[in-house]
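One file, entry.pdb, carrying PDB, N, CA, C and O atoms, pLDDT in the B column:
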```pdb
ATOM      1  N   MET A   1     -26.483  75.196  24.397  1.00 60.00           N
ATOM      2  CA  MET A   1     -26.933  75.418  23.044  1.00 60.00           C
ATOM      3  C   MET A   1     -25.828  74.941  22.102  1.00 60.00           C
ATOM      4  O   MET A   1     -24.651  75.195  22.320  1.00 60.00           O
ATOM      5  N   TYR A   2     -26.225  74.256  21.046  1.00 74.00           N
ATOM      6  CA  TYR A   2     -25.286  73.716  20.073  1.00 74.00           C
ATOM      7  C   TYR A   2     -25.095  74.736  18.957  1.00 74.00           C
ATOM      8  O   TYR A   2     -26.048  75.209  18.364  1.00 74.00           O
ATOM      9  N   THR A   3     -23.850  75.111  18.669  1.00 78.00           N
ATOM     10  CA  THR A   3     -23.547  76.132  17.669  1.00 78.00           C
ATOM     11  C   THR A   3     -22.504  75.613  16.688  1.00 78.00           C
ATOM     12  O   THR A   3     -21.531  74.976  17.079  1.00 78.00           O
ATOM     13  N   THR A   4     -22.718  75.891  15.399  1.00 81.00           N
ATOM     14  CA  THR A   4     -21.726  75.579  14.371  1.00 81.00           C
ATOM     15  C   THR A   4     -21.383  76.852  13.614  1.00 81.00           C
ATOM     16  O   THR A   4     -22.143  77.812  13.605  1.00 81.00           O
ATOM     17  N   THR A   5     -20.231  76.837  12.969  1.00 81.00           N
ATOM     18  CA  THR A   5     -19.783  77.981  12.177  1.00 81.00           C
ATOM     19  C   THR A   5     -19.425  77.495  10.776  1.00 81.00           C
ATOM     20  O   THR A   5     -18.721  76.497  10.626  1.00 81.00           O
ATOM     21  N   ASN A   6     -19.923  78.191   9.741  1.00 81.00           N
ATOM     22  CA  ASN A   6     -19.576  77.800   8.371  1.00 81.00           C
ATOM     23  C   ASN A   6     -18.308  78.527   7.914  1.00 81.00           C
ATOM     24  O   ASN A   6     -17.664  79.228   8.696  1.00 81.00           O
ATOM     25  N   GLU A   7     -17.943  78.390   6.622  1.00 82.00           N
ATOM     26  CA  GLU A   7     -16.697  78.960   6.096  1.00 82.00           C
ATOM     27  C   GLU A   7     -16.648  80.480   6.195  1.00 82.00           C
ATOM     28  O   GLU A   7     -15.588  81.095   6.295  1.00 82.00           O
ATOM     29  N   ASP A   8     -17.829  81.128   6.107  1.00 84.00           N
ATOM     30  CA  ASP A   8     -17.886  82.593   6.134  1.00 84.00           C
ATOM     31  C   ASP A   8     -17.932  83.162   7.548  1.00 84.00           C
ATOM     32  O   ASP A   8     -18.008  84.372   7.729  1.00 84.00           O
ATOM     33  N   GLY A   9     -17.923  82.316   8.541  1.00 81.00           N
ATOM     34  CA  GLY A   9     -17.962  82.771   9.920  1.00 81.00           C
ATOM     35  C   GLY A   9     -19.367  83.001  10.457  1.00 81.00           C
ATOM     36  O   GLY A   9     -19.537  83.587  11.514  1.00 81.00           O
ATOM     37  N   ILE A  10     -20.384  82.540   9.707  1.00 83.00           N
ATOM     38  CA  ILE A  10     -21.769  82.725  10.145  1.00 83.00           C
ATOM     39  C   ILE A  10     -22.128  81.604  11.126  1.00 83.00           C
ATOM     40  O   ILE A  10     -21.839  80.428  10.889  1.00 83.00           O
ATOM     41  N   LEU A  11     -22.741  81.990  12.226  1.00 83.00           N
ATOM     42  CA  LEU A  11     -23.115  81.020  13.255  1.00 83.00           C
ATOM     43  C   LEU A  11     -24.494  80.429  12.966  1.00 83.00           C
ATOM     44  O   LEU A  11     -25.412  81.125  12.534  1.00 83.00           O
ATOM     45  N   ASN A  12     -24.637  79.154  13.229  1.00 83.00           N
ATOM     46  CA  ASN A  12     -25.935  78.474  13.206  1.00 83.00           C
ATOM     47  C   ASN A  12     -26.178  77.925  14.595  1.00 83.00           C
ATOM     48  O   ASN A  12     -25.400  77.113  15.103  1.00 83.00           O
ATOM     49  N   ASN A  13     -27.256  78.360  15.227  1.00 83.00           N
ATOM     50  CA  ASN A  13     -27.604  77.905  16.574  1.00 83.00           C
ATOM     51  C   ASN A  13     -28.711  76.868  16.495  1.00 83.00           C
ATOM     52  O   ASN A  13     -29.673  77.019  15.747  1.00 83.00           O
ATOM     53  N   TYR A  14     -28.579  75.831  17.288  1.00 80.00           N
ATOM     54  CA  TYR A  14     -29.578  74.774  17.354  1.00 80.00           C
ATOM     55  C   TYR A  14     -30.084  74.658  18.775  1.00 80.00           C
ATOM     56  O   TYR A  14     -29.309  74.751  19.738  1.00 80.00           O
ATOM     57  N   ALA A  15     -31.364  74.419  18.897  1.00 77.00           N
ATOM     58  CA  ALA A  15     -31.953  74.268  20.225  1.00 77.00           C
ATOM     59  C   ALA A  15     -31.521  72.946  20.841  1.00 77.00           C
ATOM     60  O   ALA A  15     -31.252  71.965  20.148  1.00 77.00           O
ATOM     61  N   ALA A  16     -31.481  72.909  22.159  1.00 78.00           N
ATOM     62  CA  ALA A  16     -31.170  71.668  22.870  1.00 78.00           C
ATOM     63  C   ALA A  16     -32.363  70.732  22.756  1.00 78.00           C
ATOM     64  O   ALA A  16     -33.507  71.137  22.982  1.00 78.00           O
ATOM     65  N   GLU A  17     -32.113  69.489  22.402  1.00 82.00           N
ATOM     66  CA  GLU A  17     -33.203  68.533  22.244  1.00 82.00           C
ATOM     67  C   GLU A  17     -33.604  67.971  23.611  1.00 82.00           C
ATOM     68  O   GLU A  17     -32.741  67.578  24.400  1.00 82.00           O
ATOM     69  N   PRO A  18     -34.897  67.922  23.885  1.00 86.00           N
ATOM     70  CA  PRO A  18     -35.334  67.375  25.181  1.00 86.00           C
ATOM     71  C   PRO A  18     -35.172  65.856  25.209  1.00 86.00           C
ATOM     72  O   PRO A  18     -35.110  65.202  24.167  1.00 86.00           O
ATOM     73  N   LYS A  19     -35.100  65.309  26.403  1.00 91.00           N
ATOM     74  CA  LYS A  19     -35.015  63.861  26.542  1.00 91.00           C
ATOM     75  C   LYS A  19     -36.327  63.236  26.104  1.00 91.00           C
ATOM     76  O   LYS A  19     -37.408  63.778  26.371  1.00 91.00           O
ATOM     77  N   MET A  20     -36.229  62.089  25.444  1.00 93.00           N
ATOM     78  CA  MET A  20     -37.428  61.402  24.993  1.00 93.00           C
ATOM     79  C   MET A  20     -37.904  60.439  26.073  1.00 93.00           C
ATOM     80  O   MET A  20     -37.096  59.888  26.832  1.00 93.00           O
ATOM     81  N   TYR A  21     -39.194  60.262  26.138  1.00 93.00           N
ATOM     82  CA  TYR A  21     -39.771  59.286  27.062  1.00 93.00           C
ATOM     83  C   TYR A  21     -41.008  58.688  26.406  1.00 93.00           C
ATOM     84  O   TYR A  21     -41.621  59.296  25.535  1.00 93.00           O
ATOM     85  N   TYR A  22     -41.354  57.496  26.797  1.00 94.00           N
ATOM     86  CA  TYR A  22     -42.530  56.819  26.273  1.00 94.00           C
ATOM     87  C   TYR A  22     -43.738  57.129  27.143  1.00 94.00           C
ATOM     88  O   TYR A  22     -43.627  57.179  28.373  1.00 94.00           O
ATOM     89  N   ALA A  23     -44.865  57.334  26.491  1.00 93.00           N
ATOM     90  CA  ALA A  23     -46.097  57.582  27.233  1.00 93.00           C
ATOM     91  C   ALA A  23     -46.562  56.284  27.884  1.00 93.00           C
ATOM     92  O   ALA A  23     -46.368  55.196  27.347  1.00 93.00           O
ATOM     93  N   GLU A  24     -47.154  56.423  29.036  1.00 93.00           N
ATOM     94  CA  GLU A  24     -47.670  55.251  29.744  1.00 93.00           C
ATOM     95  C   GLU A  24     -49.102  54.984  29.303  1.00 93.00           C
ATOM     96  O   GLU A  24     -49.852  55.912  29.005  1.00 93.00           O
ATOM     97  N   TYR A  25     -49.463  53.697  29.255  1.00 94.00           N
ATOM     98  CA  TYR A  25     -50.820  53.316  28.895  1.00 94.00           C
ATOM     99  C   TYR A  25     -51.764  53.797  29.993  1.00 94.00           C
ATOM    100  O   TYR A  25     -51.451  53.669  31.182  1.00 94.00           O
ATOM    101  N   PRO A  26     -52.928  54.380  29.627  1.00 94.00           N
ATOM    102  CA  PRO A  26     -53.823  54.915  30.658  1.00 94.00           C
ATOM    103  C   PRO A  26     -54.389  53.820  31.561  1.00 94.00           C
ATOM    104  O   PRO A  26     -54.653  52.705  31.112  1.00 94.00           O
ATOM    105  N   ALA A  27     -54.572  54.182  32.814  1.00 96.00           N
ATOM    106  CA  ALA A  27     -55.149  53.256  33.788  1.00 96.00           C
ATOM    107  C   ALA A  27     -56.623  53.036  33.460  1.00 96.00           C
ATOM    108  O   ALA A  27     -57.231  53.762  32.678  1.00 96.00           O
ATOM    109  N   ILE A  28     -57.209  52.032  34.087  1.00 96.00           N
ATOM    110  CA  ILE A  28     -58.602  51.676  33.790  1.00 96.00           C
ATOM    111  C   ILE A  28     -59.553  52.814  34.140  1.00 96.00           C
ATOM    112  O   ILE A  28     -60.517  53.072  33.409  1.00 96.00           O
ATOM    113  N   TRP A  29     -59.283  53.543  35.217  1.00 96.00           N
ATOM    114  CA  TRP A  29     -60.180  54.663  35.573  1.00 96.00           C
ATOM    115  C   TRP A  29     -60.035  55.800  34.582  1.00 96.00           C
ATOM    116  O   TRP A  29     -60.992  56.530  34.318  1.00 96.00           O
ATOM    117  N   GLU A  30     -58.835  55.978  34.010  1.00 96.00           N
ATOM    118  CA  GLU A  30     -58.658  57.002  32.974  1.00 96.00           C
ATOM    119  C   GLU A  30     -59.381  56.604  31.690  1.00 96.00           C
ATOM    120  O   GLU A  30     -59.966  57.451  31.014  1.00 96.00           O
ATOM    121  N   GLN A  31     -59.356  55.321  31.364  1.00 96.00           N
ATOM    122  CA  GLN A  31     -60.060  54.838  30.180  1.00 96.00           C
ATOM    123  C   GLN A  31     -61.569  55.061  30.327  1.00 96.00           C
ATOM    124  O   GLN A  31     -62.234  55.481  29.382  1.00 96.00           O
ATOM    125  N   ARG A  32     -62.094  54.795  31.498  1.00 97.00           N
ATOM    126  CA  ARG A  32     -63.529  55.022  31.747  1.00 97.00           C
ATOM    127  C   ARG A  32     -63.859  56.507  31.626  1.00 97.00           C
ATOM    128  O   ARG A  32     -64.905  56.880  31.104  1.00 97.00           O
ATOM    129  N   LYS A  33     -62.958  57.332  32.118  1.00 97.00           N
ATOM    130  CA  LYS A  33     -63.155  58.784  32.032  1.00 97.00           C
ATOM    131  C   LYS A  33     -63.196  59.228  30.562  1.00 97.00           C
ATOM    132  O   LYS A  33     -64.024  60.047  30.188  1.00 97.00           O
ATOM    133  N   TYR A  34     -62.315  58.663  29.732  1.00 97.00           N
ATOM    134  CA  TYR A  34     -62.296  59.002  28.311  1.00 97.00           C
ATOM    135  C   TYR A  34     -63.578  58.546  27.624  1.00 97.00           C
ATOM    136  O   TYR A  34     -64.106  59.244  26.748  1.00 97.00           O
ATOM    137  N   VAL A  35     -64.104  57.391  28.006  1.00 97.00           N
ATOM    138  CA  VAL A  35     -65.356  56.904  27.425  1.00 97.00           C
ATOM    139  C   VAL A  35     -66.499  57.836  27.795  1.00 97.00           C
ATOM    140  O   VAL A  35     -67.326  58.195  26.940  1.00 97.00           O
ATOM    141  N   LEU A  36     -66.551  58.268  29.048  1.00 98.00           N
ATOM    142  CA  LEU A  36     -67.609  59.189  29.473  1.00 98.00           C
ATOM    143  C   LEU A  36     -67.492  60.533  28.754  1.00 98.00           C
ATOM    144  O   LEU A  36     -68.504  61.115  28.347  1.00 98.00           O
ATOM    145  N   GLN A  37     -66.292  61.017  28.580  1.00 98.00           N
ATOM    146  CA  GLN A  37     -66.099  62.267  27.847  1.00 98.00           C
ATOM    147  C   GLN A  37     -66.542  62.124  26.393  1.00 98.00           C
ATOM    148  O   GLN A  37     -67.149  63.033  25.827  1.00 98.00           O
ATOM    149  N   GLY A  38     -66.256  60.975  25.791  1.00 98.00           N
ATOM    150  CA  GLY A  38     -66.676  60.727  24.420  1.00 98.00           C
ATOM    151  C   GLY A  38     -68.180  60.663  24.287  1.00 98.00           C
ATOM    152  O   GLY A  38     -68.758  61.197  23.335  1.00 98.00           O
ATOM    153  N   LEU A  39     -68.832  60.002  25.234  1.00 98.00           N
ATOM    154  CA  LEU A  39     -70.294  59.926  25.207  1.00 98.00           C
ATOM    155  C   LEU A  39     -70.918  61.307  25.394  1.00 98.00           C
ATOM    156  O   LEU A  39     -71.901  61.645  24.726  1.00 98.00           O
ATOM    157  N   PHE A  40     -70.368  62.091  26.301  1.00 98.00           N
ATOM    158  CA  PHE A  40     -70.879  63.438  26.533  1.00 98.00           C
ATOM    159  C   PHE A  40     -70.710  64.306  25.286  1.00 98.00           C
ATOM    160  O   PHE A  40     -71.633  65.015  24.873  1.00 98.00           O
ATOM    161  N   ALA A  41     -69.538  64.237  24.653  1.00 98.00           N
ATOM    162  CA  ALA A  41     -69.289  65.025  23.446  1.00 98.00           C
ATOM    163  C   ALA A  41     -70.205  64.588  22.311  1.00 98.00           C
ATOM    164  O   ALA A  41     -70.735  65.419  21.563  1.00 98.00           O
ATOM    165  N   THR A  42     -70.421  63.276  22.180  1.00 98.00           N
ATOM    166  CA  THR A  42     -71.309  62.760  21.144  1.00 98.00           C
ATOM    167  C   THR A  42     -72.738  63.233  21.356  1.00 98.00           C
ATOM    168  O   THR A  42     -73.433  63.599  20.399  1.00 98.00           O
ATOM    169  N   SER A  43     -73.186  63.250  22.609  1.00 98.00           N
ATOM    170  CA  SER A  43     -74.546  63.705  22.884  1.00 98.00           C
ATOM    171  C   SER A  43     -74.710  65.200  22.589  1.00 98.00           C
ATOM    172  O   SER A  43     -75.748  65.623  22.078  1.00 98.00           O
ATOM    173  N   ILE A  44     -73.689  65.993  22.877  1.00 98.00           N
ATOM    174  CA  ILE A  44     -73.762  67.429  22.574  1.00 98.00           C
ATOM    175  C   ILE A  44     -73.824  67.654  21.069  1.00 98.00           C
ATOM    176  O   ILE A  44     -74.643  68.450  20.578  1.00 98.00           O
ATOM    177  N   VAL A  45     -72.977  66.955  20.316  1.00 98.00           N
ATOM    178  CA  VAL A  45     -72.965  67.126  18.863  1.00 98.00           C
ATOM    179  C   VAL A  45     -74.284  66.664  18.266  1.00 98.00           C
ATOM    180  O   VAL A  45     -74.861  67.323  17.386  1.00 98.00           O
ATOM    181  N   THR A  46     -74.818  65.547  18.749  1.00 98.00           N
ATOM    182  CA  THR A  46     -76.109  65.053  18.263  1.00 98.00           C
ATOM    183  C   THR A  46     -77.222  66.052  18.556  1.00 98.00           C
ATOM    184  O   THR A  46     -78.074  66.319  17.691  1.00 98.00           O
ATOM    185  N   ALA A  47     -77.212  66.620  19.762  1.00 98.00           N
ATOM    186  CA  ALA A  47     -78.228  67.612  20.117  1.00 98.00           C
ATOM    187  C   ALA A  47     -78.120  68.846  19.224  1.00 98.00           C
ATOM    188  O   ALA A  47     -79.143  69.382  18.774  1.00 98.00           O
ATOM    189  N   LEU A  48     -76.922  69.294  18.949  1.00 98.00           N
ATOM    190  CA  LEU A  48     -76.742  70.463  18.073  1.00 98.00           C
ATOM    191  C   LEU A  48     -77.226  70.182  16.660  1.00 98.00           C
ATOM    192  O   LEU A  48     -77.852  71.047  16.035  1.00 98.00           O
ATOM    193  N   ILE A  49     -76.958  68.993  16.155  1.00 98.00           N
ATOM    194  CA  ILE A  49     -77.428  68.638  14.821  1.00 98.00           C
ATOM    195  C   ILE A  49     -78.949  68.573  14.775  1.00 98.00           C
ATOM    196  O   ILE A  49     -79.583  69.089  13.840  1.00 98.00           O
ATOM    197  N   LEU A  50     -79.555  67.986  15.799  1.00 98.00           N
ATOM    198  CA  LEU A  50     -81.016  67.907  15.841  1.00 98.00           C
ATOM    199  C   LEU A  50     -81.655  69.291  15.948  1.00 98.00           C
ATOM    200  O   LEU A  50     -82.676  69.563  15.309  1.00 98.00           O
ATOM    201  N   VAL A  51     -81.064  70.167  16.751  1.00 98.00           N
ATOM    202  CA  VAL A  51     -81.576  71.523  16.856  1.00 98.00           C
ATOM    203  C   VAL A  51     -81.427  72.248  15.522  1.00 98.00           C
ATOM    204  O   VAL A  51     -82.330  72.965  15.085  1.00 98.00           O
ATOM    205  N   GLY A  52     -80.307  72.036  14.857  1.00 97.00           N
ATOM    206  CA  GLY A  52     -80.096  72.669  13.552  1.00 97.00           C
ATOM    207  C   GLY A  52     -81.122  72.222  12.526  1.00 97.00           C
ATOM    208  O   GLY A  52     -81.656  73.023  11.750  1.00 97.00           O
ATOM    209  N   PHE A  53     -81.437  70.921  12.504  1.00 95.00           N
ATOM    210  CA  PHE A  53     -82.435  70.415  11.569  1.00 95.00           C
ATOM    211  C   PHE A  53     -83.841  70.904  11.923  1.00 95.00           C
ATOM    212  O   PHE A  53     -84.651  71.204  11.048  1.00 95.00           O
ATOM    213  N   SER A  54     -84.135  70.993  13.226  1.00 96.00           N
ATOM    214  CA  SER A  54     -85.484  71.421  13.620  1.00 96.00           C
ATOM    215  C   SER A  54     -85.708  72.912  13.339  1.00 96.00           C
ATOM    216  O   SER A  54     -86.812  73.334  13.070  1.00 96.00           O
ATOM    217  N   VAL A  55     -84.651  73.713  13.416  1.00 95.00           N
ATOM    218  CA  VAL A  55     -84.781  75.154  13.168  1.00 95.00           C
ATOM    219  C   VAL A  55     -84.903  75.441  11.677  1.00 95.00           C
ATOM    220  O   VAL A  55     -85.654  76.339  11.272  1.00 95.00           O
ATOM    221  N   SER A  56     -84.224  74.683  10.858  1.00 88.00           N
ATOM    222  CA  SER A  56     -84.225  74.979   9.418  1.00 88.00           C
ATOM    223  C   SER A  56     -85.385  74.381   8.681  1.00 88.00           C
ATOM    224  O   SER A  56     -86.413  74.150   8.924  1.00 88.00           O
TER
END
```
Write the structure described by the file as structure tokens, please.
Amino acid sequence: MYTTTNEDGILNNYAAEPKMYYAEYPAIWEQRKYVLQGLFATSIVTALILVGFSVS
């Protein structure tokens, strides 16, 4: 833990910073999975909107 002290003797504690890393580009099967999840979510939202309009 990184600590500093000011003129009055008050301590300031700083959290340790984690190492940075770059995210990897998703593989083709992961991209297909994301597309399927998007289509499924879109169909659910569309169905909810249609049900809402039909009920009201």
Here atom CA of A:Thr5 and atom CA of A:Pro18 stand apart by 22.9 Å
- Item | Atom-to-atom span, atom C of A:Val45 and atom O of A:Pro26, Å |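 These atoms are spaced 27.3 Å apart.
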Once you add 8 Å to each side, what are the centre and edge lengths of the axis-aligned box holding all listed atoms of stretch 24-28 of chain A? One decimal in Å, as JSON, if you can.
```
{"center_x": -53.8, "center_y": 54.0, "center_z": 31.5, "size_x": 29.4, "size_y": 20.7, "size_z": 21.2}
```
Between atom C of A:Ala16 and atom O of A:Tyr2 lies a distance of 8.9 Å
Working from the structure I just supplied, which lacks atoms in stretch 31-42 of chain A, can you model all heavy atoms there and output them as an mmCIF file, in the frame of the given file?
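Result saved to out_18.cif:
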```cif
data_model
loop_
_atom_site.group_PDB
_atom_site.id
_atom_site.type_symbol
_atom_site.label_atom_id
_atom_site.label_comp_id
_atom_site.auth_asym_id
_atom_site.auth_seq_id
_atom_site.Cartn_x
_atom_site.Cartn_y
_atom_site.Cartn_z
ATOM 1 N N GLN A 31 -59.356 55.321 31.364
ATOM 2 C CA GLN A 31 -60.060 54.838 30.180
ATOM 3 C C GLN A 31 -61.569 55.061 30.327
ATOM 4 O O GLN A 31 -62.234 55.481 29.382
ATOM 5 C CB GLN A 31 -59.771 53.358 29.950
ATOM 6 C CG GLN A 31 -58.343 53.078 29.571
ATOM 7 C CD GLN A 31 -58.058 51.596 29.469
ATOM 8 O OE1 GLN A 31 -58.968 50.778 29.460
ATOM 9 N NE2 GLN A 31 -56.784 51.242 29.393
ATOM 10 N N ARG A 32 -62.094 54.795 31.498
ATOM 11 C CA ARG A 32 -63.529 55.022 31.747
ATOM 12 C C ARG A 32 -63.859 56.507 31.626
ATOM 13 O O ARG A 32 -64.905 56.880 31.104
ATOM 14 C CB ARG A 32 -63.905 54.505 33.129
ATOM 15 C CG ARG A 32 -63.915 53.008 33.227
ATOM 16 C CD ARG A 32 -64.389 52.546 34.576
ATOM 17 N NE ARG A 32 -64.265 51.095 34.676
ATOM 18 C CZ ARG A 32 -63.864 50.462 35.743
ATOM 19 N NH1 ARG A 32 -63.556 51.132 36.847
ATOM 20 N NH2 ARG A 32 -63.778 49.153 35.755
ATOM 21 N N LYS A 33 -62.958 57.332 32.118
ATOM 22 C CA LYS A 33 -63.155 58.784 32.032
ATOM 23 C C LYS A 33 -63.196 59.228 30.562
ATOM 24 O O LYS A 33 -64.024 60.047 30.188
ATOM 25 C CB LYS A 33 -62.025 59.480 32.782
ATOM 26 C CG LYS A 33 -62.153 60.968 32.892
ATOM 27 C CD LYS A 33 -61.037 61.487 33.786
ATOM 28 C CE LYS A 33 -60.626 62.856 33.384
ATOM 29 N NZ LYS A 33 -59.503 63.373 34.164
ATOM 30 N N TYR A 34 -62.315 58.663 29.732
ATOM 31 C CA TYR A 34 -62.296 59.002 28.311
ATOM 32 C C TYR A 34 -63.578 58.546 27.624
ATOM 33 O O TYR A 34 -64.106 59.244 26.748
ATOM 34 C CB TYR A 34 -61.089 58.370 27.619
ATOM 35 C CG TYR A 34 -59.754 58.889 28.110
ATOM 36 C CD1 TYR A 34 -58.643 58.060 28.120
ATOM 37 C CD2 TYR A 34 -59.599 60.189 28.559
ATOM 38 C CE1 TYR A 34 -57.414 58.520 28.567
ATOM 39 C CE2 TYR A 34 -58.383 60.655 29.007
ATOM 40 C CZ TYR A 34 -57.289 59.813 29.007
ATOM 41 O OH TYR A 34 -56.083 60.275 29.445
ATOM 42 N N VAL A 35 -64.104 57.391 28.006
ATOM 43 C CA VAL A 35 -65.356 56.904 27.425
ATOM 44 C C VAL A 35 -66.499 57.836 27.795
ATOM 45 O O VAL A 35 -67.326 58.195 26.940
ATOM 46 C CB VAL A 35 -65.645 55.457 27.884
ATOM 47 C CG1 VAL A 35 -67.057 55.040 27.524
ATOM 48 C CG2 VAL A 35 -64.639 54.494 27.278
ATOM 49 N N LEU A 36 -66.551 58.268 29.048
ATOM 50 C CA LEU A 36 -67.609 59.189 29.473
ATOM 51 C C LEU A 36 -67.492 60.533 28.754
ATOM 52 O O LEU A 36 -68.504 61.115 28.347
ATOM 53 C CB LEU A 36 -67.557 59.399 30.985
ATOM 54 C CG LEU A 36 -67.994 58.201 31.831
ATOM 55 C CD1 LEU A 36 -67.773 58.490 33.313
ATOM 56 C CD2 LEU A 36 -69.433 57.851 31.562
ATOM 57 N N GLN A 37 -66.292 61.017 28.580
ATOM 58 C CA GLN A 37 -66.099 62.267 27.847
ATOM 59 C C GLN A 37 -66.542 62.124 26.393
ATOM 60 O O GLN A 37 -67.149 63.033 25.827
ATOM 61 C CB GLN A 37 -64.632 62.695 27.892
ATOM 62 C CG GLN A 37 -64.182 63.201 29.233
ATOM 63 C CD GLN A 37 -62.701 63.516 29.271
ATOM 64 O OE1 GLN A 37 -61.960 63.223 28.346
ATOM 65 N NE2 GLN A 37 -62.258 64.120 30.369
ATOM 66 N N GLY A 38 -66.256 60.975 25.791
ATOM 67 C CA GLY A 38 -66.676 60.727 24.420
ATOM 68 C C GLY A 38 -68.180 60.663 24.287
ATOM 69 O O GLY A 38 -68.758 61.197 23.335
ATOM 70 N N LEU A 39 -68.832 60.002 25.234
ATOM 71 C CA LEU A 39 -70.294 59.926 25.207
ATOM 72 C C LEU A 39 -70.918 61.307 25.394
ATOM 73 O O LEU A 39 -71.901 61.645 24.726
ATOM 74 C CB LEU A 39 -70.793 58.968 26.293
ATOM 75 C CG LEU A 39 -70.477 57.493 26.065
ATOM 76 C CD1 LEU A 39 -70.867 56.679 27.290
ATOM 77 C CD2 LEU A 39 -71.171 56.983 24.824
ATOM 78 N N PHE A 40 -70.368 62.091 26.301
ATOM 79 C CA PHE A 40 -70.879 63.438 26.533
ATOM 80 C C PHE A 40 -70.710 64.306 25.286
ATOM 81 O O PHE A 40 -71.633 65.015 24.873
ATOM 82 C CB PHE A 40 -70.157 64.060 27.730
ATOM 83 C CG PHE A 40 -70.655 65.418 28.108
ATOM 84 C CD1 PHE A 40 -71.921 65.578 28.651
ATOM 85 C CD2 PHE A 40 -69.862 66.540 27.917
ATOM 86 C CE1 PHE A 40 -72.387 66.838 28.992
ATOM 87 C CE2 PHE A 40 -70.323 67.795 28.258
ATOM 88 C CZ PHE A 40 -71.580 67.943 28.796
ATOM 89 N N ALA A 41 -69.538 64.237 24.653
ATOM 90 C CA ALA A 41 -69.289 65.025 23.446
ATOM 91 C C ALA A 41 -70.205 64.588 22.311
ATOM 92 O O ALA A 41 -70.735 65.419 21.563
ATOM 93 C CB ALA A 41 -67.829 64.896 23.029
ATOM 94 N N THR A 42 -70.421 63.276 22.180
ATOM 95 C CA THR A 42 -71.309 62.760 21.144
ATOM 96 C C THR A 42 -72.738 63.233 21.356
ATOM 97 O O THR A 42 -73.433 63.599 20.399
ATOM 98 C CB THR A 42 -71.256 61.225 21.114
ATOM 99 O OG1 THR A 42 -69.902 60.821 20.909
ATOM 100 C CG2 THR A 42 -72.126 60.660 20.016
#
```
